[in-house]
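K.L.:
Dropping in final_12.cif, with mmCIF, C-alpha atoms and all ligand atoms.
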```
data_input
loop_
_atom_site.label_atom_id
_atom_site.label_comp_id
_atom_site.auth_asym_id
_atom_site.auth_seq_id
_atom_site.Cartn_x
_atom_site.Cartn_y
_atom_site.Cartn_z
CA MET A 3 37.62 -29.47 6.41
CA ASP A 4 41.23 -29.37 5.21
CA SER A 5 43.72 -30.96 7.53
CA ASP A 6 45.65 -28.50 9.59
CA HIS A 7 49.05 -27.32 8.39
CA ARG A 8 50.32 -26.20 11.73
CA PRO A 9 52.74 -28.19 13.86
CA SER A 10 50.80 -29.91 16.61
CA SER A 11 53.75 -29.94 18.99
CA ILE A 12 53.73 -26.19 19.65
CA THR A 13 52.38 -25.20 23.06
CA ARG A 14 50.10 -22.25 23.64
CA ARG A 15 52.88 -20.48 25.55
CA GLN A 16 55.36 -21.03 22.68
CA PHE A 17 52.70 -19.78 20.29
CA VAL A 18 52.03 -16.64 22.28
CA THR A 19 55.74 -15.93 22.73
CA SER A 20 56.60 -16.47 19.09
CA SER A 21 53.54 -14.50 18.07
CA ALA A 22 54.55 -11.45 19.99
CA SER A 23 58.04 -11.37 18.54
CA VAL A 24 56.86 -12.00 15.01
CA LEU A 25 54.28 -9.26 15.36
CA ALA A 26 57.00 -6.95 16.56
CA LEU A 27 58.76 -7.65 13.28
CA GLY A 28 55.60 -6.73 11.45
CA SER A 29 55.25 -10.12 9.77
CA PHE A 30 52.44 -12.60 10.08
CA THR A 31 53.85 -15.57 8.21
CA ALA A 32 55.74 -17.47 10.89
CA ARG A 33 52.85 -16.80 13.24
CA ALA A 34 50.32 -18.31 10.93
CA ALA A 35 52.51 -21.36 10.52
CA GLY A 36 52.80 -21.70 14.30
CA ALA A 37 49.23 -20.89 15.21
CA PRO A 38 46.96 -23.34 16.99
CA SER A 39 44.72 -25.48 14.88
CA HIS A 40 41.06 -24.84 14.13
CA GLN A 41 39.91 -27.70 16.31
CA PRO A 42 36.62 -29.27 15.37
CA GLN A 43 34.02 -28.26 17.94
CA ARG A 44 30.90 -30.41 17.81
CA PRO A 45 27.64 -29.18 19.29
CA GLY A 46 27.60 -30.00 22.96
CA ARG A 47 31.33 -29.32 23.33
CA GLY A 48 32.77 -26.29 25.01
CA PRO A 49 31.71 -23.90 26.31
CA PHE A 50 34.14 -21.69 24.40
CA ARG A 51 34.78 -18.13 25.50
CA VAL A 52 33.70 -15.70 22.78
CA ILE A 53 33.28 -12.00 22.21
CA ILE A 54 30.69 -11.13 19.56
CA ASP A 55 31.35 -7.97 17.57
CA THR A 56 28.23 -6.91 15.70
CA ASP A 57 26.23 -4.23 13.86
CA PRO A 58 22.59 -5.28 14.30
CA GLY A 59 21.27 -5.64 11.59
CA VAL A 60 18.54 -8.15 10.79
CA ASP A 61 20.83 -11.17 10.41
CA ASP A 62 23.00 -9.95 13.31
CA ALA A 63 19.91 -9.96 15.52
CA LEU A 64 19.13 -13.59 14.72
CA ALA A 65 22.81 -14.50 15.07
CA LEU A 66 22.91 -12.91 18.53
CA LEU A 67 19.78 -14.77 19.59
CA LEU A 68 21.27 -18.03 18.28
CA ALA A 69 24.51 -17.40 20.17
CA MET A 70 22.70 -16.57 23.41
CA ARG A 71 20.68 -19.79 23.11
CA SER A 72 23.75 -21.95 22.52
CA PRO A 73 25.38 -23.68 25.51
CA GLU A 74 28.58 -24.19 23.49
CA LEU A 75 29.32 -20.47 23.86
CA LYS A 76 30.40 -18.58 26.95
CA ILE A 77 29.70 -15.03 25.75
CA GLU A 78 32.11 -12.73 27.57
CA ALA A 79 30.84 -9.57 25.85
CA ILE A 80 28.91 -8.20 22.92
CA THR A 81 30.51 -5.20 21.27
CA ALA A 82 28.60 -2.97 18.87
CA VAL A 83 30.06 -1.26 15.83
CA ALA A 84 28.70 1.07 13.17
CA GLY A 85 27.85 -0.78 9.97
CA ASN A 86 24.40 -1.74 8.77
CA VAL A 87 23.14 1.38 10.55
CA PRO A 88 24.94 3.97 12.71
CA LEU A 89 26.17 3.07 16.20
CA ASP A 90 23.28 5.01 17.77
CA LEU A 91 21.06 2.23 16.43
CA THR A 92 23.32 -0.85 16.48
CA LEU A 93 24.09 -0.38 20.20
CA PRO A 94 20.45 -0.27 21.39
CA ASN A 95 19.59 -3.06 18.97
CA ALA A 96 22.26 -5.26 20.59
CA LEU A 97 20.87 -4.36 24.03
CA ARG A 98 17.36 -5.22 22.83
CA MET A 99 18.50 -8.70 21.77
CA VAL A 100 20.19 -9.27 25.14
CA GLU A 101 16.95 -8.34 26.91
CA ILE A 102 14.79 -10.50 24.64
CA ALA A 103 17.07 -13.46 25.32
CA GLY A 104 17.05 -12.78 29.07
CA ARG A 105 20.83 -12.51 29.06
CA THR A 106 21.34 -9.05 30.56
CA GLU A 107 24.33 -10.36 32.53
CA ILE A 108 26.36 -10.19 29.26
CA PRO A 109 28.27 -6.88 29.08
CA VAL A 110 27.45 -4.85 25.97
CA ALA A 111 29.92 -2.15 24.93
CA ALA A 112 29.76 0.74 22.48
CA GLY A 113 32.36 0.61 19.74
CA ALA A 114 33.44 2.65 16.75
CA ARG A 115 31.13 5.21 15.20
CA ALA A 116 33.06 5.22 11.93
CA PRO A 117 35.58 3.09 10.03
CA LEU A 118 39.31 3.65 10.65
CA VAL A 119 39.95 6.03 7.75
CA ARG A 120 36.73 6.18 5.71
CA ARG A 121 33.27 7.68 5.93
CA LEU A 122 30.61 5.25 7.11
CA VAL A 123 28.49 3.63 4.41
CA THR A 124 25.42 1.90 5.88
CA ALA A 125 23.07 -0.78 4.56
CA ALA A 126 19.80 0.74 5.71
CA TYR A 127 18.53 -0.11 2.21
CA ALA A 128 18.68 -3.78 3.26
CA HIS A 129 18.12 -3.62 7.04
CA GLY A 130 15.62 -0.75 7.22
CA GLU A 131 16.14 2.61 8.88
CA ASN A 132 16.07 1.06 12.38
CA GLY A 133 18.41 -1.81 11.44
CA LEU A 134 15.85 -4.48 12.32
CA GLY A 135 13.95 -4.39 9.05
CA GLY A 136 11.25 -2.19 10.59
CA ALA A 137 10.49 -4.66 13.42
CA VAL A 138 9.88 -2.51 16.50
CA PHE A 139 10.87 -3.54 20.03
CA PRO A 140 10.77 -1.44 23.21
CA GLU A 141 13.62 0.88 24.14
CA PRO A 142 16.16 -1.20 26.07
CA LYS A 143 16.38 -0.58 29.82
CA THR A 144 19.81 -2.16 30.06
CA LYS A 145 22.77 0.19 29.75
CA PRO A 146 26.06 -0.46 27.97
CA VAL A 147 29.16 -0.84 30.14
CA ALA A 148 31.40 2.19 30.55
CA GLU A 149 34.39 0.74 28.69
CA PRO A 150 34.60 1.36 24.94
CA ALA A 151 34.49 -1.85 22.88
CA ALA A 152 38.19 -1.92 22.00
CA VAL A 153 39.15 -1.50 25.66
CA LEU A 154 36.77 -4.23 26.81
CA ILE A 155 38.04 -6.58 24.10
CA ARG A 156 41.62 -6.05 25.30
CA GLN A 157 40.65 -6.52 28.95
CA ILE A 158 38.84 -9.80 28.33
CA ILE A 159 41.55 -11.26 26.10
CA GLY A 160 44.16 -10.20 28.66
CA LYS A 161 42.19 -11.96 31.40
CA PHE A 162 41.90 -15.22 29.42
CA PRO A 163 44.99 -15.38 27.17
CA GLY A 164 44.71 -18.03 24.47
CA GLU A 165 41.06 -18.78 25.29
CA VAL A 166 38.94 -16.17 23.57
CA THR A 167 37.50 -16.50 20.06
CA LEU A 168 36.32 -13.33 18.37
CA LEU A 169 33.06 -13.87 16.50
CA THR A 170 32.83 -10.88 14.18
CA ILE A 171 29.67 -10.26 12.19
CA GLY A 172 30.13 -6.62 11.27
CA PRO A 173 32.88 -4.33 9.97
CA LEU A 174 36.16 -5.05 11.75
CA THR A 175 36.82 -1.54 13.11
CA ASN A 176 36.62 -2.46 16.81
CA ILE A 177 38.93 -5.44 16.42
CA ALA A 178 41.50 -3.48 14.40
CA THR A 179 41.38 -0.67 16.96
CA ALA A 180 42.11 -3.15 19.75
CA LEU A 181 44.93 -4.77 17.75
CA ASN A 182 46.45 -1.38 16.92
CA ALA A 183 46.46 -0.44 20.59
CA ASP A 184 48.34 -3.54 21.74
CA PRO A 185 50.89 -5.37 19.56
CA GLU A 186 50.77 -8.38 21.94
CA LEU A 187 47.03 -8.82 21.65
CA ALA A 188 46.88 -10.91 18.47
CA GLY A 189 49.12 -13.52 20.06
CA MET A 190 46.63 -13.97 22.89
CA VAL A 191 43.53 -14.51 20.72
CA ARG A 192 42.52 -18.14 20.26
CA SER A 193 40.91 -17.55 16.86
CA LEU A 194 38.67 -15.20 14.92
CA VAL A 195 35.62 -16.38 13.02
CA MET A 196 34.23 -13.67 10.75
CA MET A 197 31.22 -13.21 8.60
CA GLY A 198 32.89 -11.21 5.91
CA GLY A 199 34.60 -11.31 2.57
CA SER A 200 34.04 -13.39 -0.52
CA LEU A 201 36.13 -15.20 -3.09
CA SER A 202 33.23 -15.17 -5.54
CA GLY A 203 32.12 -11.56 -5.95
CA GLY A 204 30.55 -9.01 -3.69
CA ASN A 205 27.14 -7.86 -2.54
CA ILE A 206 27.64 -4.09 -2.27
CA THR A 207 29.98 -3.75 -5.24
CA PRO A 208 30.80 -6.46 -7.78
CA ALA A 209 34.04 -6.97 -5.88
CA ALA A 210 33.35 -6.45 -2.18
CA GLU A 211 31.27 -7.96 0.59
CA PHE A 212 29.62 -5.35 2.84
CA ASN A 213 31.53 -5.87 6.13
CA VAL A 214 34.93 -5.69 4.43
CA TYR A 215 33.79 -2.91 2.08
CA VAL A 216 32.85 -0.67 5.03
CA ASP A 217 36.29 -0.88 6.62
CA PRO A 218 38.83 -2.54 4.32
CA GLU A 219 41.81 -1.15 6.24
CA ALA A 220 40.51 -2.78 9.44
CA ALA A 221 39.94 -6.09 7.66
CA ARG A 222 43.47 -6.00 6.31
CA ILE A 223 44.87 -5.51 9.81
CA VAL A 224 42.92 -8.56 10.97
CA PHE A 225 44.03 -10.81 8.10
CA GLN A 226 47.66 -9.78 8.60
CA SER A 227 47.57 -10.00 12.41
CA GLY A 228 48.51 -13.67 12.62
CA ILE A 229 45.29 -14.56 14.45
CA PRO A 230 43.98 -17.86 13.04
CA VAL A 231 41.08 -16.59 10.92
CA THR A 232 38.06 -18.50 9.69
CA MET A 233 36.35 -16.57 6.91
CA VAL A 234 32.67 -17.34 6.47
CA GLY A 235 31.93 -15.22 3.43
CA LEU A 236 29.36 -14.84 0.70
CA ASP A 237 30.69 -18.02 -0.94
CA VAL A 238 28.60 -19.91 1.61
CA THR A 239 26.25 -17.39 3.20
CA ARG A 240 24.56 -16.83 -0.17
CA LYS A 241 23.29 -20.40 0.16
CA THR A 242 21.25 -19.63 3.29
CA SER A 243 17.95 -18.01 2.33
CA LEU A 244 15.22 -17.62 4.90
CA THR A 245 11.83 -19.00 3.84
CA GLU A 246 8.18 -18.63 4.87
CA ASP A 247 8.40 -22.10 6.34
CA HIS A 248 11.21 -21.00 8.65
CA VAL A 249 9.04 -18.10 9.79
CA ARG A 250 6.13 -20.45 10.49
CA GLN A 251 8.38 -22.66 12.61
CA LEU A 252 9.58 -19.63 14.55
CA GLN A 253 6.02 -18.41 15.07
CA ALA A 254 5.11 -21.80 16.50
CA GLY A 255 7.83 -21.48 19.15
CA GLN A 256 6.21 -20.38 22.40
CA ASN A 257 9.02 -18.25 23.80
CA PRO A 258 10.10 -14.59 23.51
CA VAL A 259 13.20 -15.39 21.44
CA SER A 260 11.27 -17.37 18.87
CA GLN A 261 8.53 -14.75 18.68
CA ALA A 262 11.02 -11.89 18.25
CA ALA A 263 12.96 -13.86 15.63
CA ALA A 264 9.71 -14.58 13.78
CA THR A 265 8.82 -10.87 13.72
CA ILE A 266 12.26 -9.87 12.45
CA ALA A 267 12.32 -12.70 9.89
CA ARG A 268 8.80 -11.96 8.59
CA ASN A 269 9.63 -8.28 8.09
CA ALA A 270 12.92 -9.14 6.40
CA ILE A 271 11.26 -11.51 3.95
CA GLU A 272 8.61 -8.92 3.16
CA HIS A 273 11.26 -6.21 2.67
CA ASN A 274 13.20 -8.50 0.31
CA ARG A 275 10.08 -9.20 -1.67
CA GLU A 276 9.32 -5.48 -1.99
CA ARG A 277 12.85 -4.94 -3.31
CA GLY A 278 12.19 -7.51 -6.01
CA PHE A 279 14.46 -10.29 -4.81
CA ALA A 280 13.52 -13.80 -5.85
CA VAL A 281 14.63 -15.43 -2.61
CA GLY A 282 14.46 -14.58 1.09
CA PRO A 283 17.24 -12.78 2.94
CA ASN A 284 20.48 -14.61 3.57
CA MET A 285 21.34 -15.51 7.14
CA HIS A 286 24.96 -14.40 6.74
CA ASP A 287 25.78 -13.75 10.37
CA SER A 288 23.91 -16.69 11.85
CA LEU A 289 25.93 -18.99 9.60
CA ALA A 290 29.21 -17.68 11.01
CA VAL A 291 27.97 -18.31 14.56
CA ALA A 292 26.55 -21.72 13.63
CA GLY A 293 29.79 -22.66 11.86
CA PHE A 294 31.67 -22.02 15.08
CA ILE A 295 29.18 -24.01 17.14
CA ASP A 296 29.27 -26.90 14.66
CA PRO A 297 32.20 -26.73 12.20
CA SER A 298 30.88 -29.83 10.40
CA LEU A 299 28.31 -27.53 8.74
CA LEU A 300 31.07 -25.98 6.62
CA GLN A 301 33.71 -27.24 4.21
CA MET A 302 36.90 -25.25 4.54
CA LYS A 303 39.93 -24.57 2.39
CA GLU A 304 43.15 -22.79 3.34
CA TYR A 305 43.98 -19.54 1.56
CA TYR A 306 46.26 -16.57 1.92
CA VAL A 307 43.70 -13.78 1.98
CA ASP A 308 44.52 -10.13 1.51
CA VAL A 309 42.24 -7.13 1.19
CA GLU A 310 42.22 -4.59 -1.62
CA THR A 311 42.43 -1.14 -0.07
CA ALA A 312 43.64 0.96 -2.99
CA GLY A 313 41.09 0.22 -5.69
CA GLU A 314 38.81 2.91 -7.04
CA LEU A 315 36.14 0.29 -7.80
CA THR A 316 37.34 -2.67 -5.79
CA ALA A 317 38.24 -1.52 -2.26
CA GLY A 318 37.15 -4.18 0.21
CA GLU A 319 37.64 -7.06 -2.19
CA THR A 320 39.11 -10.11 -0.46
CA VAL A 321 41.66 -11.80 -2.71
CA GLY A 322 42.39 -15.45 -1.99
CA TYR A 323 45.65 -17.10 -3.04
CA SER A 324 45.94 -20.87 -3.11
CA PRO A 325 48.32 -23.23 -4.88
CA ASN A 326 45.40 -25.47 -5.75
CA ALA A 327 42.73 -23.02 -6.91
CA GLY A 328 42.16 -21.08 -10.11
CA ASP A 329 44.80 -20.85 -12.84
CA LEU A 330 47.56 -21.07 -10.23
CA ARG A 331 46.41 -24.51 -9.15
CA ARG A 332 48.71 -27.50 -8.84
CA ARG A 333 47.87 -31.18 -8.88
CA ALA A 334 45.90 -32.43 -5.87
CA GLY A 335 48.18 -32.81 -2.88
CA MET A 336 50.85 -30.53 -4.34
CA GLU A 337 49.93 -27.61 -2.11
CA LYS A 338 51.90 -29.23 0.71
CA ASP A 339 54.85 -29.79 -1.62
CA ALA A 340 57.99 -27.66 -1.27
CA THR A 341 57.78 -26.55 -4.92
CA ALA A 342 54.21 -25.41 -4.58
CA LEU A 343 54.96 -23.70 -1.30
CA THR A 344 57.39 -21.42 -3.12
CA MET A 345 54.45 -20.00 -5.05
CA PRO A 346 54.95 -16.24 -4.67
CA ILE A 347 52.11 -13.96 -3.68
CA ARG A 348 51.93 -11.28 -6.35
CA GLY A 349 50.23 -7.92 -6.25
CA SER A 350 49.60 -5.54 -9.14
CA ALA A 351 52.48 -4.65 -11.46
CA PRO A 352 54.51 -1.66 -10.21
CA THR A 353 53.75 1.68 -11.82
CA LEU A 354 56.45 3.76 -13.52
CA ALA A 355 55.82 6.54 -11.00
CA GLY A 356 56.11 4.33 -7.92
CA THR A 357 59.21 3.27 -5.98
CA ARG A 358 58.29 -0.42 -5.80
CA THR A 359 60.16 -2.52 -8.36
CA SER A 360 58.63 -5.98 -7.98
CA PRO A 361 55.03 -7.20 -7.79
CA VAL A 362 56.03 -10.01 -5.40
CA LEU A 363 54.59 -9.24 -1.96
CA ARG A 364 55.47 -12.54 -0.25
CA ASP A 365 57.98 -14.95 -1.69
CA LYS A 366 56.08 -18.04 -0.69
CA PHE A 367 52.58 -19.23 -0.03
CA VAL A 368 51.58 -19.42 3.63
CA PRO A 369 47.87 -19.59 4.41
CA ASN A 370 46.46 -17.09 6.88
CA ALA A 371 42.81 -18.13 6.78
CA ASN A 372 40.47 -21.06 6.54
CA VAL A 373 37.80 -20.04 4.06
CA ALA A 374 34.36 -21.66 4.04
CA MET A 375 33.71 -23.06 0.56
CA ASP A 376 30.48 -24.99 1.02
CA VAL A 377 27.70 -25.38 3.57
CA ASP A 378 25.07 -27.92 4.51
CA SER A 379 22.23 -25.38 4.43
CA ALA A 380 19.53 -27.79 5.60
CA ARG A 381 21.47 -28.74 8.73
CA PHE A 382 22.33 -25.09 9.32
CA PHE A 383 18.66 -24.09 9.34
CA ASP A 384 17.83 -27.07 11.56
CA LEU A 385 20.31 -25.70 14.08
CA LEU A 386 19.24 -22.05 13.73
CA ILE A 387 15.48 -22.53 13.79
CA GLY A 388 15.70 -25.36 16.32
CA ARG A 389 17.66 -23.28 18.79
CA LEU A 390 15.53 -20.16 18.37
CA SER A 391 12.24 -22.03 18.69
CA GLU A 392 13.56 -24.08 21.62
CA LYS A 393 13.14 -27.40 19.82
CA TYR A 394 16.66 -28.24 21.01
C1 LIG B 1 27.01 -8.74 6.02
O1 LIG B 1 26.68 -7.38 5.82
C2 LIG B 1 25.62 -7.00 6.65
O2 LIG B 1 24.67 -6.29 5.94
C3 LIG B 1 25.08 -8.26 7.28
O3 LIG B 1 24.65 -8.02 8.60
C4 LIG B 1 26.25 -9.19 7.24
O4 LIG B 1 27.07 -9.06 8.39
C5 LIG B 1 26.69 -9.50 4.76
O5 LIG B 1 27.44 -9.00 3.70
CA CA B 2 26.30 -7.88 10.37
#
```
Can the structure in the file be given as structure tokens, please?

P.N.:
Amino acid sequence: MDSDHRPSSITRRQFVTSSASVLALGSFTARAAGAPSHQPQRPGRGPFRVIIDTDPGVDDALALLLAMRSPELKIEAITAVAGNVPLDLTLPNALRMVEIAGRTEIPVAAGARAPLVRRLVTAAYAHGENGLGGAVFPEPKTKPVAEPAAVLIRQIIGKFPGEVTLLTIGPLTNIATALNADPELAGMVRSLVMMGGSLSGGNITPAAEFNVYVDPEAARIVFQSGIPVTMVGLDVTRKTSLTEDHVRQLQAGQNPVSQAAATIARNAIEHNRERGFAVGPNMHDSLAVAGFIDPSLLQMKEYYVDVETAGELTAGETVGYSPNAGDLRRRAGMEKDATALTMPIRGSAPTLAGTRTSPVLRDKFVPNANVAMDVDSARFFDLLIGRLSEKY
């Protein structure tokens, strides 16, 4: 993982205070520079307070089960959002997972039914009409809490300022709604780890990854909020294909979580095969959760990430700027150099009809995200399958 660029001397209080004022100015840059570091968290450390925002979803379901079986996480809430399937399905699916894991003490809240400014596009083609790849579980008996997701998110972060990490594995509508409602909120979030985005092409369009595609405006709010973001995107999640052997290991686990995971996984593999895919389904969301539990699974690189919201073909594309990547790259080590740091962030050339005169959006490079660039897939599956089947 890249070494951290943020000053280590800043206290949490200084961070929160400076964050609030910078947010008030509508700028994220000084915040990102003053944000707390992405501390390595080895398995067995913690527990860390988290809120999981999700749209179950086959891989969401396994990610939730992994999270609820992981002692490193203190899950303060699970918030459902529309995405893979409508909210009327993602909410009960989240409740089903909580019941299967025997964790009904975790509050589950209903979130957004639709993206901030767009019509909902679902991925029922990939997750089946019920969102769980056709795997059928009983109607949940547990009820969601009364508070809407965005309200609950604000309440929990307000109760534990500087302590809560947002683990987001669906479109970012709930998080953006909470941030929009309270300009101080971003400064109180410890970090945000998302499954979303890609610097190497999309999965729903050639440009965009599904979670960002569904609500690009929400994703943009998150990336520009100043919250320290870890982006676990398709660049790494594409390298995590579920196999028949994984299913066999899950089937061998003699507990309800392992059995449920095996059923979901078996259906998902079958569905993928029917659709003609050469490999099993990717465990996108579980990798984001696992990467938070054990950051040594992922190799990270700092980027300034922004989200395309205007494109006719490319909305939801995550664009990553770095002084040592692509044609803009400098010699190794130069990214910390003052010259390299003046690298401007450019957008598209101004049109004749527009009022903007310059393509320069930011006059210097300041990273706002750690982006996962590579993954140890074997160790990831050891963790995922091991936790679900109760091996460890
Ligand atoms: C993401 O999109 C959804 O279909 C998955 O659940 C995952 O969160 C992958 O692009
Ligand atoms: Ca998801």

K.L.:
Go through A:Ala264, A:Ile158, A:Ala280, A:Leu289 and flag the residue nearest ligand CA 2 (chain B), using all atoms listed in the file for the distances.

P.N.:
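Closest to ligand CA 2 (chain B) of all the choices is A:Leu289.
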
K.L.:
Smallest atom-to-atom distance to A:Val52: which of A:Ser193, A:Gln157, A:Ser391, A:Thr232, using only C-alpha atoms?

P.N.:
A:Ser193

K.L.:
Write out as a ChimeraX atom specification each polymer residue whose atoms come within 12 Å of stretch 256-261 of chain A, counting only C-alpha atoms; drop sequence neighbours fewer than 5 positions from it.

P.N.:
/A:63-71,98-105,137,139,248-251,266-268,386-393

K.L.:
So that I can check the surroundings of stretch 271-273 of chain A, please list as JSON, numbers by chain every protein, DNA and RNA residue that reaches within 9 Å of it, counting only C-alpha atoms and ignoring chain neighbours fewer than 3 positions away.

P.N.:
{"A": [128, 129, 130, 135, 136, 244, 245, 246, 266, 267, 268, 276, 277, 278, 281, 282, 283]}

K.L.:
Pick out the residues no farther than 6 Å from ligand LIG 1 (chain B), counting only C-alpha atoms and all ligand atoms, and list them as a list in words.

P.N.:
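Using only C-alpha atoms and all ligand atoms, I find these residues within 6 Å of ligand LIG 1 (chain B): Gly59, Asp61, Asp62, Asn86, Ala125, Ile171, Gly172, Met197, Glu211, Phe212, Asn213, His286 and Asp287 of chain A.
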
K.L.:
Which of these residues is nearest to ligand CA 2 (chain B), using all atoms listed in the file: A:Val60, A:Ala148, A:Ala327, A:Leu194?

P.N.:
A:Val60
